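**Q** Handing you a structure now.
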Amino acid sequence: MYSEIKEKKNKLAVIGLGYVGLPIALEFAKKVPVIGFDIKDERVKLMQQQIDPSNELVKEDFNNTDIIFTSHIEDLKEARFFIVAVPTPIDDYKKPDLRPLLSATKFVGQVLKKGDYVVYESTVYPGCTEEDCVPLLEETSGLTCVRDFKVGFSPERINPGDKLHTLTKITKITSGIDAESAEEIAKTYELIITAGVFRAASIKVAEAAKIIENSQRDINIAFMNELSMIFNQMNINTYEVLEAAGTKWNFLNFFPGLVGGHCIGVDPYYLTYKAAKFGHHAQIINSGRAINDGMGEHIAKEIVQKLIFMNKTPKQVKVLIMGVTFKENVSDIRNSKVVDVIKELQDYGLNIDVVDPYASADEVHEEYGIKLTKRINPPYDAVVVAVSHKQYTNLDEDYFKAIMDNNSLFVDLKGVYRNKFKNLNYWSL
């Protein structure tokens with residue numbers, strides 16, 4: 001398979017062209033013929049015009065690529081090596097929602113041929129590829145795995161908004177259903193990954209490696225969030241504590257904050273779900289999730305209490321929330337925990353304006369029922385910088401003073417203005 005792809009005798013297809021799939025498709029398309037498939041026609045039309053719907057890539061990233069963008073399943077029949085890179089979210093009960101993954105699997109199964117390869121990049125619990133996806137591929141295609149086709153798992157490691165740790169510069173984990181497929185898949189990815197490929201011992205090992213990456217970060221951030229709650233009661237600035245503790249060489253560099261997005265705030269639930277199937281209650285992971293999921297409520301409560309202490313009546317208070325995406329300098333609003341802060345403040349009766357230079361107003365309203373403010377309406381009783389977009393970090397104290405009332409609260413959730421402002425009523429985690 002690797003040789004035929006390298007020699008451009010076989011085509012490669014990427015299923016799902018979002019934050020993960022499109023960069024993969026374009027990188028491979030610089031080396032071999034690629035079919036980029038997405039079920040959303042409007043997204044496909046944008047990519048055909050060399051526009052990234054996710055606003056992560058620029059037009060030049062599409063140059064010198066041999067790729068066809070399509071939403072027609074018939075076009076996938078020409079491919080022999082399939083990469084599935086669709087979202088794996090959670091449902092309202094915080095259980096794995098495999099519908100996008102299984103739907104993509106059915107698409108592939110309908111065009112699967114003898115000798116084909118299918119590699120999954122979507123983050124899942126250990127065992128999902130072989131226990132959930134393979135049987136569906138076999139049922140849909142009428143073929144038998146290993147004998148007729150091969151599968152593998154190579155977890156995505158793309159970090160939206162990060163222009164330093166890009167796809168080709170991050171070590172890629174690969175795996176296969178048997179020794180032959182493991183090597184063929186690894187060599188295929190080596191066509192584009194300059195940082196090198198790590199050959200995992202099995203598909204389950206590769207699945208588990210990915211899921212603990214984000215679970216580990218989640219737990220560490222949860223510890224920081226709990227510390228911020230404790231130190232807040234002691235009137236100690238958490239960032240100053242971390243700055244002091246960070247002078248030791250082996251201190252881990254984590255910070256408190258809202259934990260959202262499509263990875264860290266989601267992936268741990270896949271692991272706890274699978275653990276429960278084996279009768280194990282994942283105490284540390286669940287505790288970390290409970291802390292991080294409760295941060296929006298905690299922050300809103302602190303803001304309201306401080307405003308009341310400043311003799312302000314909640315229903316008469318006007319608050320400006322700056323930033324609604326799940327992280328800085330991206331347009332991605334998936335699982336944004338800033339929304340939790342906004343809705344909690346609204347439940348207290350506060351009047352909220354929300355702005356964001358990256359987020360789509362239509363997407364925010366459709367997903368969360370929140371209307372972005374086109375033009376701010378000062379003065380505000382409180383300003384909350386929730387996301388450290390570069391447009392915000394360059395603002396000085398005079399700017400904020402100009403849009404705030406004389407007796408107002410400035411909330412710096414990311415701690416980026418610490419020690420920079422002298423004349424504002426300042427609070428951070």
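Starting from 1 in every chain, residues are counted up; chains themselves are A, B, ... following the order of the structure tokens, and ligands are numbered from 1 as listed.
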Once you count only C-alpha atoms, what closest atom pair and distance in Å to one decimal does each residue of stretch 140-170 of chain A within 10 Å of stretch 182-186 of chain A have, with rows by chain and rising residue number, as a tab-separated table?

**A**
```
residue	atom	partner	partner_atom	distance
A:Lys150	CA	A:Ala182	CA	9.3
A:Val151	CA	A:Ala182	CA	8.8
A:Gly152	CA	A:Ala182	CA	7.0
A:Phe153	CA	A:Ile185	CA	8.9
A:Ser154	CA	A:Ile185	CA	8.8
```

**Q** Take the residues from that selection and put them in a file with C-alpha atoms, as a PDB file, in the first residue's frame.

**A**
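See part_30.pdb below for the written result:
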```pdb
ATOM      1  CA  LYS A 150      -6.701  -3.478   7.104  1.00  0.00           C
ATOM      2  CA  VAL A 151      -7.362  -0.861   9.777  1.00  0.00           C
ATOM      3  CA  GLY A 152      -5.215   1.316  11.991  1.00  0.00           C
ATOM      4  CA  PHE A 153      -5.350   4.194  14.441  1.00  0.00           C
ATOM      5  CA  SER A 154      -3.215   7.326  14.393  1.00  0.00           C
TER       6      SER A 154
END
```

**Q** Per DSSP on the backbone, filter stretch 117-226 of chain A down to the residues in helix (DSSP H, G or I) and report them as an NGL selection string.

**A** :A and (128-141 or 167-169 or 179-189 or 203-226)

**Q** Would you pick out the contacts of A:Lys274 at 10 Å or less, using only C-alpha atoms, so that residues sharing its chain but fewer than 5 positions from it are not included, and give the list as a PDB file with C-alpha atoms, in the first residue's frame?

**A**
```
ATOM      1  CA  LYS A  95     -21.413  10.115  27.389  1.00  0.00           C
ATOM      2  CA  PRO A  96     -19.439   9.467  24.157  1.00  0.00           C
ATOM      3  CA  VAL A 124     -11.891   7.507  21.111  1.00  0.00           C
ATOM      4  CA  TYR A 125     -11.728   5.207  24.132  1.00  0.00           C
ATOM      5  CA  PRO A 126      -9.403   2.181  23.938  1.00  0.00           C
ATOM      6  CA  GLY A 127     -11.075  -0.567  21.945  1.00  0.00           C
ATOM      7  CA  CYS A 128     -13.414   1.617  19.909  1.00  0.00           C
ATOM      8  CA  TYR A 269     -15.300  11.413  29.575  1.00  0.00           C
ATOM      9  CA  GLY A 279     -16.520  -1.686  36.849  1.00  0.00           C
ATOM     10  CA  HIS A 280     -13.948   0.963  37.725  1.00  0.00           C
ATOM     11  CA  HIS A 281     -14.961   4.414  38.932  1.00  0.00           C
ATOM     12  CA  ALA A 282     -12.208   6.786  37.797  1.00  0.00           C
TER      13      ALA A 282
END
```

**Q** Using only C-alpha atoms, which protein or nucleic acid residues come within 12 Å of A:Val118? Drop anything in the same chain fewer than 4 positions from it, and give the result as a ChimeraX atom specification.

**A** /A:1,12-15,79-85,104-109,111-114,129-130,133-134,137-138,145-146,148-154,175-177,181-182,184-185

**Q** Residues at most 8 Å from A:Ala222, counting only C-alpha atoms, excluding those fewer than 2 positions away in the same chain, as a list in words?

**A**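 Listing them by chain and then by number gives Asp218, Ile219, Asn220, Met224, Asn225, Glu226, Pro256, Gly288, Arg289, Ile291 and Asn292 of chain A.
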
**Q** Output N, CA and C atoms for every residue in that selection, as a tab-separated table (two decimals), in the first residue's frame.

**A**
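Saved to again.tsv:
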```tsv
chain	number	residue	atom	x	y	z
A	218	ASP	N	-6.12	17.89	31.82
A	218	ASP	CA	-7.36	18.24	32.51
A	218	ASP	C	-7.18	18.14	34.03
A	219	ILE	N	-6.55	17.06	34.47
A	219	ILE	CA	-6.35	16.86	35.91
A	219	ILE	C	-5.43	17.93	36.49
A	220	ASN	N	-4.37	18.26	35.77
A	220	ASN	CA	-3.44	19.27	36.27
A	220	ASN	C	-4.08	20.66	36.33
A	224	MET	N	-4.98	23.27	39.60
A	224	MET	CA	-4.75	24.72	39.63
A	224	MET	C	-6.04	25.48	39.95
A	225	ASN	N	-7.15	25.02	39.39
A	225	ASN	CA	-8.43	25.67	39.66
A	225	ASN	C	-8.83	25.53	41.12
A	226	GLU	N	-8.58	24.36	41.69
A	226	GLU	CA	-8.90	24.19	43.10
A	226	GLU	C	-8.00	25.07	43.96
A	256	PRO	N	-4.66	28.11	36.28
A	256	PRO	CA	-6.12	27.97	36.42
A	256	PRO	C	-6.84	28.59	35.23
A	288	GLY	N	-11.49	15.76	38.73
A	288	GLY	CA	-10.95	16.86	37.92
A	288	GLY	C	-12.00	17.44	37.00
A	289	ARG	N	-12.80	16.57	36.38
A	289	ARG	CA	-13.86	17.02	35.49
A	289	ARG	C	-14.90	17.86	36.25
A	291	ILE	N	-14.50	19.65	38.95
A	291	ILE	CA	-13.93	20.97	39.27
A	291	ILE	C	-13.94	21.87	38.04
A	292	ASN	N	-13.43	21.35	36.94
A	292	ASN	CA	-13.32	22.17	35.73
A	292	ASN	C	-14.69	22.53	35.14
```

**Q** Please provide the set of residues having any atom within 7 Å of stretch 206-211 of chain A, restricted to only C-alpha atoms, with same-chain residues fewer than 2 positions apart removed, written as a PyMOL selection string.

**A** chain A and resi 123-126+153-155+173-175+200+202-204+213-215+267-268+271

**Q** Given the choices A:Ala179, A:Val330, A:Ala300, A:Ile193, which gets closest to A:Pro357 if the distance is worked out from only C-alpha atoms?

**A**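 The answer is A:Val330, which sits nearest to A:Pro357.
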
**Q** Measuring between only C-alpha atoms, which one of A:Phe28, A:Tyr358, A:Tyr380, A:Phe278 shows the shortest distance to A:Lys318?

**A** A:Tyr380

**Q** Quick one: everything within 10 Å of A:Asn407, counting only C-alpha atoms, minus sequence neighbours fewer than 3 positions away in the same chain. Send it as a PyMOL selection string.

**A** chain A and resi 307+310-312+380-382+404+424-425

**Q** Write the residues of the preceding selection, restricted to N, CA and C atoms, as a compact mmCIF listing (two decimals), in the first residue's frame.

**A**
```txt
# COMPACT_ATOMS: atom_id res chain seq x y z
N LEU A 307 -19.35 42.57 43.03
CA LEU A 307 -20.16 43.72 42.60
C LEU A 307 -21.13 44.15 43.70
N MET A 310 -19.44 46.10 46.18
CA MET A 310 -19.19 47.45 45.67
C MET A 310 -20.47 48.28 45.61
N ASN A 311 -21.55 47.76 46.32
CA ASN A 311 -22.85 48.44 46.42
C ASN A 311 -23.57 48.55 45.08
N LYS A 312 -23.40 47.55 44.24
CA LYS A 312 -24.10 47.52 42.96
C LYS A 312 -25.23 46.51 43.01
N TYR A 380 -19.39 50.42 31.56
CA TYR A 380 -19.71 49.12 32.13
C TYR A 380 -19.34 49.07 33.61
N ASP A 381 -20.15 48.32 34.35
CA ASP A 381 -19.87 48.13 35.79
C ASP A 381 -18.80 47.06 35.99
N ALA A 382 -18.64 46.22 35.00
CA ALA A 382 -17.60 45.19 35.06
C ALA A 382 -17.18 44.82 33.64
N MET A 404 -15.27 51.96 31.38
CA MET A 404 -15.79 51.50 32.66
C MET A 404 -16.28 52.66 33.51
N LEU A 424 -7.32 50.25 38.63
CA LEU A 424 -8.57 49.54 38.41
C LEU A 424 -8.82 48.54 39.54
N ASN A 425 -10.08 48.31 39.84
CA ASN A 425 -10.45 47.30 40.83
C ASN A 425 -10.27 45.94 40.16
```

**Q** Of the candidates A:Val20, A:Ile39, A:Met47, A:Thr144, which one gets nearest to A:Glu156 if we count only C-alpha atoms?

**A**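 Closest to A:Glu156 of all the choices is A:Val20.
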
**Q** Using only C-alpha atoms, which residue out of A:Glu302, A:Asp97, A:Val324, A:Val86 lies closest to A:Val411?

**A**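 The answer is A:Glu302, which sits nearest to A:Val411.
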
**Q** Would you please give, as number ranges by chain, all residues of stretch 160-248 of chain A that DSSP assigns to strand (DSSP E) based on the backbone?

**A** A: 172-174, 197-199

**Q** Just give me the gap between atom CA of A:Gln233 and atom CA of A:Gly294 in Å, one decimal is fine.

**A**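 Distance between the two atoms: 17.0 Å.
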
**Q** Restricting the calculation to only C-alpha atoms: of A:Asp66, A:Asp116, A:Asp178, A:Asp91, which residue gets closest to A:Tyr270?

**A**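 Between A:Asp66, A:Asp116, A:Asp178, A:Asp91, the residue approaching A:Tyr270 most closely is A:Asp91.
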
**Q** Work out how far atom CA of A:Leu227 is from atom CA of A:Glu243, in Å to one decimal.

**A**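 Separation of atom CA of A:Glu243 and atom CA of A:Leu227: 13.6 Å.
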